[in-house]
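Student: A single structure is presented below for examination.
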Amino acid sequence: MAQAPGPVTIVTGSSRGIGLAIAAALARDGHRLVLVARDGDRLAEAASKLQTVGAEVATYAADLGQPSSVDDVIRATEEHFGPPDVVVNNAGTAPSDKIEATTAAMMHEAFALHVAAPLAFARGCAADMKRRGSGCFLQLASTAGLRGYPFTSAYTAAKHGMVGLTRALHAELSPKGVH
């Protein structure tokens with residue numbers, strides 16, 4: 001008897017570090033993966049590593065700080081594997097400087113990656129997940145999403161925003177089977 005294909009999972013920031021480790025763990029559990037990061041060469045290396053252990057992997061090089069990128073990733077995922085079952089929002093930036101040197105650009109980039117991109121993934125995938133009665137959005141925050149640290153005002157504010165977004169998504173979507 002053939003085994004059903006595993007969940008379709010998008011992992012952002014997955015060309016290295018925590019994102020790649022998450023992708024590897026999901027691959028071991030049979031997830032079909034779409035790896036997303038800015039560096040296409042690193043993505044190809046990451047995909048190659050995962051494919052050597054039998055993982056089904058596609059890659060998409062994108063700067064998720066650009067508003068249209070999320071829609072492009074979702075569309076590419078649907079074309080390659082079908083609609084996403086899981087979205088792991090791991091991509092991010094961690095600007096650090098004293099408050100006097102923290103710029104609007106630093107704040108904008110932090111919010112674009114930690115809040116706007118996860119919201120765009122939810123907006124783009126939630127309707128289909130609700131129809132199916134299942135799905136998952138996983139945001140990787142940090143303790144900076146719960147408390148403040150010196151020299152991290154942009155990062156801390158964005159991570160607090162991510163935690164708030166996650167709570168709002170849970171309140172709205174969990175009754176429909178989406179977590």
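Each chain in the structure tokens gets a letter, A, B and so on, in the order shown; residues start at 1 in every chain, and ligands are counted from 1 in the order they appear.
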So that I can check the secondary structure, give me every residue of region 4-174 of chain A assigned strand (DSSP E) by backbone DSSP, as a ChimeraX atom specification.

Tutor: /A:8-12,32-37,57-61,86-89,136-139

Student: Within 8 Å of region 44-59 of chain A, counting only C-alpha atoms, which residues qualify if same-chain residues fewer than 3 places away don't, as an MDAnalysis selection string?

Tutor: chainID A and resid 14:16 20 24 27:28 30:36 40:41 80

Student: If you count only C-alpha atoms, which residues fall within 12 Å of Pro175 (chain A), apart from same-chain ones fewer than 4 positions away, as a list of chain:residue names?

Tutor: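 Counting only the stated atoms, we get A:Met129, A:Lys130, A:Gly133, A:Ser134, A:Gly135, A:Leu169, A:His170, A:Ala171, A:His179.
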
Student: Now that the selection is made, can you save its residues with N, CA, C and O atoms as a CSV table (one decimal), in the first residue's frame?

Tutor:
chain,number,residue,atom,x,y,z
A,129,MET,N,-6.6,26.8,4.0
A,129,MET,CA,-6.4,26.0,5.2
A,129,MET,C,-7.8,25.8,6.0
A,129,MET,O,-8.1,24.8,6.5
A,130,LYS,N,-8.5,26.9,6.1
A,130,LYS,CA,-9.8,26.9,6.8
A,130,LYS,C,-10.8,25.9,6.0
A,130,LYS,O,-11.5,25.2,6.7
A,133,GLY,N,-9.8,22.6,7.0
A,133,GLY,CA,-9.9,22.3,8.4
A,133,GLY,C,-8.6,21.9,9.0
A,133,GLY,O,-8.6,21.3,10.1
A,134,SER,N,-7.5,22.3,8.4
A,134,SER,CA,-6.2,22.0,9.0
A,134,SER,C,-5.2,22.9,8.4
A,134,SER,O,-5.3,23.5,7.3
A,135,GLY,N,-4.1,23.1,9.1
A,135,GLY,CA,-3.0,23.9,8.7
A,135,GLY,C,-2.2,24.5,9.9
A,135,GLY,O,-2.7,24.4,11.0
A,169,LEU,N,-3.8,35.5,15.2
A,169,LEU,CA,-4.0,34.4,14.2
A,169,LEU,C,-4.6,33.2,14.9
A,169,LEU,O,-5.6,32.5,14.4
A,170,HIS,N,-4.0,32.8,16.1
A,170,HIS,CA,-4.5,31.7,16.8
A,170,HIS,C,-6.0,31.9,17.2
A,170,HIS,O,-6.8,31.0,17.1
A,171,ALA,N,-6.3,33.1,17.7
A,171,ALA,CA,-7.7,33.4,18.2
A,171,ALA,C,-8.7,33.3,17.0
A,171,ALA,O,-9.8,32.8,17.2
A,179,HIS,N,-3.7,26.1,13.1
A,179,HIS,CA,-3.0,26.5,14.3
A,179,HIS,C,-1.6,27.1,14.0
A,179,HIS,O,-1.2,27.1,12.9

Student: Quick one: distance from CA of Ala112 (chain A) to CA of Gly177 (chain A) in Å, one decimal?

Tutor: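 Taking CA of Ala112 (chain A) as the start and CA of Gly177 (chain A) as the end point, the length is 27.0 Å.
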
Student: Of the candidates A:Gln66, A:Ser153, A:Asn89, A:Thr166, which shows the shortest atom-to-atom distance to Gly19 (chain A), using only C-alpha atoms?

Tutor: A:Asn89

Student: So that I can check the secondary structure, give me every residue of region 2-94 of chain A assigned alpha helix (DSSP H) by backbone DSSP, as a ChimeraX atom specification.

Tutor: /A:17-28,40-51,67-80

Student: May I ask which of the residues A:Val163, A:Ala117, A:Ala21, A:Ala127 is the closest one to Ser69 (chain A), counting only C-alpha atoms?

Tutor: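 Closest to Ser69 (chain A), using only C-alpha atoms: A:Ala117.
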
Student: Please, what distance in Å, to one decimal, runs between CA of Thr156 (chain A) and CA of Gly65 (chain A)?

Tutor: 17.3 Å
